[in-house]
Amino acid sequence: MSFDEKLNAAKDKAALREFEVTITETLEKVVTVTAANQCEAELLVNGQWDDSRYILTADDFTGVKFNAVPVTPVLPTRGEER
């Protein structure tokens, strides 16, 4: 059974709800700078990033996460009156 078939079977058995799903993609780049301390290094790179010295692209993609939050109460299951 394919993923879509399993998903549709689960939908038929469960009460339906509406969800807002936040998709968060993470981009990450490591840069090397010379600074007196960690705080100075972070401030330096932050300023350089603000000045567009570092532009993160799809090549810097490191992951994605999904977070679903219900936005409506439980709806009647399929076949039930609303």
# chains A, B, ... in the order shown; residues from 1 in each chain; ligands from 1
>>> select_by_dssp(residues="chain A", states="strand (DSSP E)", output="MDAnalysis selection string")
chainID A and resid 19:27 61:70
>>> residues_around(residues="region 54-65 of chain A", least_positions_apart="6", cutoff="9 Å", atoms="only C-alpha atoms", output="PyMOL selection string")
chain A and resi 22-29+31+45+48
>>> residues_around(residues="region 70-72 of chain A", least_positions_apart="3", cutoff="10 Å", atoms="only C-alpha atoms", output="list in words")
Leu16, Arg17, Glu18, Phe19, Glu20, Val21 and Leu75 of chain A
>>> write_last_selection(atoms="C-alpha atoms", output="compact mmCIF listing (two decimals), in the first residue's frame")
# COMPACT_ATOMS: atom_id res chain seq x y z
CA LEU A 16 -11.21 15.37 10.36
CA ARG A 17 -9.59 18.51 11.74
CA GLU A 18 -8.01 21.55 10.21
CA PHE A 19 -4.36 22.32 10.98
CA GLU A 20 -1.95 25.16 10.32
CA VAL A 21 1.44 23.65 9.53
CA LEU A 75 -15.19 17.87 12.53
>>> select_by_dssp(residues="chain A", states="alpha helix (DSSP H)", output="PyMOL selection string")
chain A and resi 3-13+38-50
>>> atom_distance(atom1="CA of Ala41 (chain A)", atom2="CA of Arg53 (chain A)")
14.8 Å
>>> closest_residue(among="A:Met1, A:Phe66, A:Val33, A:Ala15", to="Asn46 (chain A)", atoms="only C-alpha atoms")
A:Val33
